[in-house]
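Visitor: Before anything else, here's the structure in question.
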Amino acid sequence: MDLNYSPDEITFRDTVRAWLGENLPAELREKIVAYDHFTRDELLAWHHILARKGWIAPAWPREWGGNNWGPVQRYIFEEECGYAGAPPLVPFGLAMCGPVLIRFGTAQQKAHFLPRIYNGDDFWCQGYSEPGSGSDLASLKTRAVRSGDHYVVTGQKTWTTLAHYADWIFCLVRTGEADQKKQDGISFLLIDMKTPGITVRPLVLMDGGHEVNEVFFDEVKVPTANRVHDEGAGWTVAKFLLSHERMNTARIGTSRRELERLKEFAARQRKNGRPLIEDPRFRDKLTRLEVELTALSITNLRFLDQLRGGRVPGAEISMLKIRGTEIQQMLTELMMQAAGPLAQPLAPLGEAVDFDLFTAGLAPRYANFRKTSIYAGSNEIQRNIIAKMSLGL
Amino acid sequence: MDFEFSNEQKLLGESVRRFVARDYTFEARSRILASPSGMSDAAWQAFADLGLLAIALPEDVDGFGGGAVDLLSTMEAIGEALVLEPFLPTVGLGAQLVVRAGNAAQKREILPAVAAGTRKLAFAFTESGSRYDLAHVELQARREGDHYRLDGAKRVVLGGAVAHTFIVCARTAGEAAGRDGISLFVVDHAQHGMARTDYRNLDGTVACDLRFEAALVPAGALLGAPGAALPAIEACIDFATALVCAEAVGAMKFANETTLEYLKTRKQFGVPIGSFQALQHRMVDMVIAQEQSRSMASLACVRVDSENDPVERARAVSAAKIKIADSCRLISQESVQLHGGMGMTEELKVSHTFRRLTMIAQQFGDADHHLERYASAGHQARGR
C-alpha cells in the first residue's frame, strides 16, 4: 500500500504545476482570489490558452484532440488547476455535448461541432431542467413537433447556466406521444441560440449574481440534422451525459486552496485579543473540515486506483459529489463566520472610498454556494442513486 | 499510488477471514463470552499458528518484520468478528513497547513467546486522573538499591485480566504531567505488592485495575532508558490507534452489511422497510462514513509505518481517529435505530457491534481529544 503518487505522476504534476505558474494569467487568478464573477471573454480566454496547449479536452479520443491521459493524470491536472486558481472550465461543450457527440453524433455533426467546441468557437449551455421538471427530469414538457426537415420547438427551460453567454444550447425535448412511457418520447436537439423565437430571461440568485436563466422557445425551427441519436432516444443520451456531469464534483484542489485561505483569514481575525484560529470552538470546526477533506481526497484516490484497474465508476461518483459539495459549503460558511459582524455589509451606497469589498463578498458567496448541493443532481438524488445502484434498495 | 495489498498481505487476510468465518462465528463468540475466562485458548493458539501474533515482530525474534499495514486486514477481520481475545493489547501495545524500548535480552525473553502464543501482554498506562494524556503519570517508581519500588494505581488495563506480563509506565522523576521522568517496567502478573481487580468491559473484552503498594521490581525490569519513555509510548499508542481504526472499519462493515440486509428483508406496511427513502438516505450516509473511515484507517496505518516525524505522524493518526470516532458513533447508533427494537437485543450481533464501536470511539482518545491534539500539532498545511 502506497498513498503517494508514482515518480511518473509526480513528474507529470510538476510539469502541470510549472506550466500553470507560467501560463495562468495573473488577472484571471486574481478574480478567483477576489471571488469575482467571470465575463464570457475571460472564460474563453482561459479556454483558448488550454486549447492552444492541447490540454483542453484530455478525456476525448485522440483523433478529436484528446491526449490519452489516464484517470490519475486527469485528476492531477484538475486538482492542480483548482489549486492554482485557474478559472473554471465551462463544462457544457467540453464535458457534456462533446462526449455526447463522440458517442452518438453523426459524422457530419462530429466534424462540424467537435473542433468548434475544442477551440472555444461556440459557447454552449444546457437545456435540461424545466419549471415542472427538476429532479424528475423525464417529466419534461418542452415539445418538438416534426415538420418536414425540421422540428418546431415550443416550451421553457430553466436554471440554464450561462445561457446569456451561449451561442448554442443542447436540449431535451418531447417528440413522442402523451400515452408513451415518459422516458421514451424524448429527443436530444442542438439549437442555435440566434434562432428566432428564443428569449433568455435572467434569474438573479440571492447573492445578486446572474449566472442562471430561463430560456423560452416559441415555435423555434430546428433542422432535424441537429438531432443527436434517434428520435425518441434522448433519454439514453441524457443518462450517458449525467454520468459525465458527475465526474469532477469533488473539487479537491479548489477546496484545498480555499482551506488555506480560510486559515490565513481566521489567523488575521481577533477574538478576545487572540487570533480566531486559536479559539477552540472555531478551531474544532476547522479541524473537522480539514479531516473531512483529507478523507475525501484519499477516497477519491482509492476510486481512481480502482478505475485504473479497469473498474467502471458507479455510485462512488455520487459519494464524491455529496461530500465534495458539503465541504465546499462548509468552507464558505466558516469564511463568513470568521468575518463575524463584518460579514453583514453587502455593497456601498453611492461613492464609497473605503469599503471592504472582500469581506462584503463572503456572505453572498455562502448564500451562492447553497446551490452546490442542489445542482447537478441534488444530494438527495445522489443518495437515491447510491441506494439503488450500489446498495440494491 | 497503490491501495492494493501485496500478495502476502492478501493471503494473510484471506486466511484470517477463513478462520473467523469458520471458528469465530457469532455463536462461537457467544460461547466464549459465556465461558468462565471469557477467552478462548484455542482461538489464541490459532492466531499463533496463522502467524498473526508475529506479523509486526522483528525477524530476529521469530517475527515477520511487518507493520500496521500488514496488520490491516487482520484488524478488520477482528473487528468484523468482534474477537474478544487480547490481540490489540498484546500485539499492538505490549509487544510494540518491547520492540521499541527493550534491550536485546528483553526482546529475546518476551517476543518469541508472544509469537508462539504462550505469552499475553498488557500495557498499564491509564490512571484515574490521566484521561487521554500520556504524560500524566503519577504512579511512582523509586530506586531502592538494585530494585525499583512501585506505588500507585493504573486503571482499565486492556487485556490485563489474562495477561502474563504487564508493561507499566511509572514516574521516576518530575511532576505528574511532565514529559520527562517517565519510565517503563516489565512486571510479572504474579508480582508481589501488585493487586489486580479483573473485570469485563462493555464490549466483552476483559481488563483490570492495578494497585501497587511497595511492589519491588528488579532494576533489570526497566524497559528502555529511565525517565525517557514518553516518545516510545506515544509512538506505540499511535501504532495501536491506527490498528483500532482498522478494527473499527471491520466492525462498521458488519454493522452496515447486516443493517442493509435487515432493510431488505424486514417488511412493514406490506413492503420492505428499505423501500422507504427516509431509511435509504440514512443507510447511504452510513456507507459513506464507512468508506471515509477506510480511507483514514489506511492513512493512519501507512503513516505509523513510514512517517519518521512524530508531529506529522500524530497529525495523521489524530485525523484518522477524529473521522473514525465520528463514524463509529454514527454507524453504531444508526444500525441499532434501523433495526428497531431488535437492534437493542442481546441476541443480535449488531448490538454487540454497537458496544465495540462505542468503546472504539473513545479508545486512545475520543474525537475531542484528537481535535485538540491535531490542532496543537500545528494547523499549517502538509507539504503537497
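Residues are named by chain letter and number: chains run A, B, ... in the order of the C-alpha cells, numbers start at 1 in each chain, and ligands are numbered from 1 in the order shown.
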Counting only C-alpha atoms, which residues from chain B have an atom at most 9 Å from any atom of chain A, and could you show them as a ChimeraX atom specification?
Guide: /B:1-6,69,260,263-264,274-275,277,280-285,288,291-296,298-299,302,319-320,322-323,368,371-372,374-375,379-381
Visitor: Taking the backbone alone, and naming residues the way the document does, which bits of segment 95-260 of chain B are alpha helix (DSSP H) by DSSP, as a PyMOL selection string?
Guide: chain B and resi 95-101+104-116+230-260
Visitor: Mind writing the picked residues with C-alpha atoms as a PDB file, in the first residue's frame?
Guide:
ATOM      1  CA  ALA B  95       4.933  -6.226  22.101  1.00  0.00           C
ATOM      2  CA  GLN B  96       5.411  -2.889  20.348  1.00  0.00           C
ATOM      3  CA  LEU B  97       6.787  -1.324  23.528  1.00  0.00           C
ATOM      4  CA  VAL B  98       9.249  -4.167  23.918  1.00  0.00           C
ATOM      5  CA  VAL B  99      10.234  -3.825  20.242  1.00  0.00           C
ATOM      6  CA  ARG B 100      10.694  -0.076  20.528  1.00  0.00           C
ATOM      7  CA  ALA B 101      12.208   0.281  24.005  1.00  0.00           C
ATOM      8  CA  ALA B 104      18.209  -7.482  23.267  1.00  0.00           C
ATOM      9  CA  ALA B 105      17.776  -9.760  26.270  1.00  0.00           C
ATOM     10  CA  GLN B 106      14.254  -8.480  26.990  1.00  0.00           C
ATOM     11  CA  LYS B 107      13.266  -8.929  23.357  1.00  0.00           C
ATOM     12  CA  ARG B 108      14.614 -12.465  23.284  1.00  0.00           C
ATOM     13  CA  GLU B 109      12.833 -13.328  26.504  1.00  0.00           C
ATOM     14  CA  ILE B 110       9.418 -11.901  25.673  1.00  0.00           C
ATOM     15  CA  LEU B 111       8.837 -11.674  21.925  1.00  0.00           C
ATOM     16  CA  PRO B 112       9.356 -15.277  20.739  1.00  0.00           C
ATOM     17  CA  ALA B 113       6.893 -16.320  23.469  1.00  0.00           C
ATOM     18  CA  VAL B 114       4.418 -13.749  22.155  1.00  0.00           C
ATOM     19  CA  ALA B 115       4.853 -15.109  18.629  1.00  0.00           C
ATOM     20  CA  ALA B 116       4.311 -18.656  19.871  1.00  0.00           C
ATOM     21  CA  LEU B 230       7.384   9.030  26.549  1.00  0.00           C
ATOM     22  CA  PRO B 231       8.369   9.163  22.850  1.00  0.00           C
ATOM     23  CA  ALA B 232       8.231   5.364  22.628  1.00  0.00           C
ATOM     24  CA  ILE B 233       4.885   5.345  24.449  1.00  0.00           C
ATOM     25  CA  GLU B 234       3.473   7.949  22.080  1.00  0.00           C
ATOM     26  CA  ALA B 235       4.698   6.056  19.026  1.00  0.00           C
ATOM     27  CA  CYS B 236       3.244   2.842  20.408  1.00  0.00           C
ATOM     28  CA  ILE B 237      -0.143   4.386  21.188  1.00  0.00           C
ATOM     29  CA  ASP B 238      -0.221   5.890  17.692  1.00  0.00           C
ATOM     30  CA  PHE B 239       0.510   2.436  16.295  1.00  0.00           C
ATOM     31  CA  ALA B 240      -2.282   0.879  18.368  1.00  0.00           C
ATOM     32  CA  THR B 241      -4.636   3.724  17.424  1.00  0.00           C
ATOM     33  CA  ALA B 242      -4.022   3.035  13.744  1.00  0.00           C
ATOM     34  CA  LEU B 243      -4.811  -0.628  14.399  1.00  0.00           C
ATOM     35  CA  VAL B 244      -8.006   0.130  16.277  1.00  0.00           C
ATOM     36  CA  CYS B 245      -9.050   2.378  13.381  1.00  0.00           C
ATOM     37  CA  ALA B 246      -8.692  -0.640  11.075  1.00  0.00           C
ATOM     38  CA  GLU B 247     -10.610  -2.773  13.558  1.00  0.00           C
ATOM     39  CA  ALA B 248     -13.370  -0.155  13.551  1.00  0.00           C
ATOM     40  CA  VAL B 249     -13.652  -0.378   9.769  1.00  0.00           C
ATOM     41  CA  GLY B 250     -14.288  -4.120  10.070  1.00  0.00           C
ATOM     42  CA  ALA B 251     -16.958  -3.577  12.720  1.00  0.00           C
ATOM     43  CA  MET B 252     -18.560  -0.830  10.596  1.00  0.00           C
ATOM     44  CA  LYS B 253     -18.554  -3.186   7.622  1.00  0.00           C
ATOM     45  CA  PHE B 254     -20.505  -5.770   9.577  1.00  0.00           C
ATOM     46  CA  ALA B 255     -22.912  -3.214  11.036  1.00  0.00           C
ATOM     47  CA  ASN B 256     -23.652  -1.800   7.591  1.00  0.00           C
ATOM     48  CA  GLU B 257     -23.999  -5.172   5.873  1.00  0.00           C
ATOM     49  CA  THR B 258     -26.341  -6.565   8.466  1.00  0.00           C
ATOM     50  CA  THR B 259     -28.400  -3.358   8.564  1.00  0.00           C
ATOM     51  CA  LEU B 260     -28.693  -3.339   4.780  1.00  0.00           C
TER      52      LEU B 260
END
Visitor: Using only C-alpha atoms, determine which residues lie at most 9 Å from Glu127 of chain B, disregarding the query and same-chain residues fewer than 6 positions distant; provide the list as a list in words.
Guide: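 So, after excluding close chain neighbours, the residues are His136, Val137, Glu138, Leu139, Ala153, Lys154, Arg155 and Val156 of chain B.
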Visitor: Could you pull out all residues of segment 61-298 of chain B with a DSSP call of strand (DSSP E) and give them as a ChimeraX atom specification?
Guide: /B:121-124,140-144,147-158,165-171,182-188,194-200,206-218,222-223,267-268,271-272
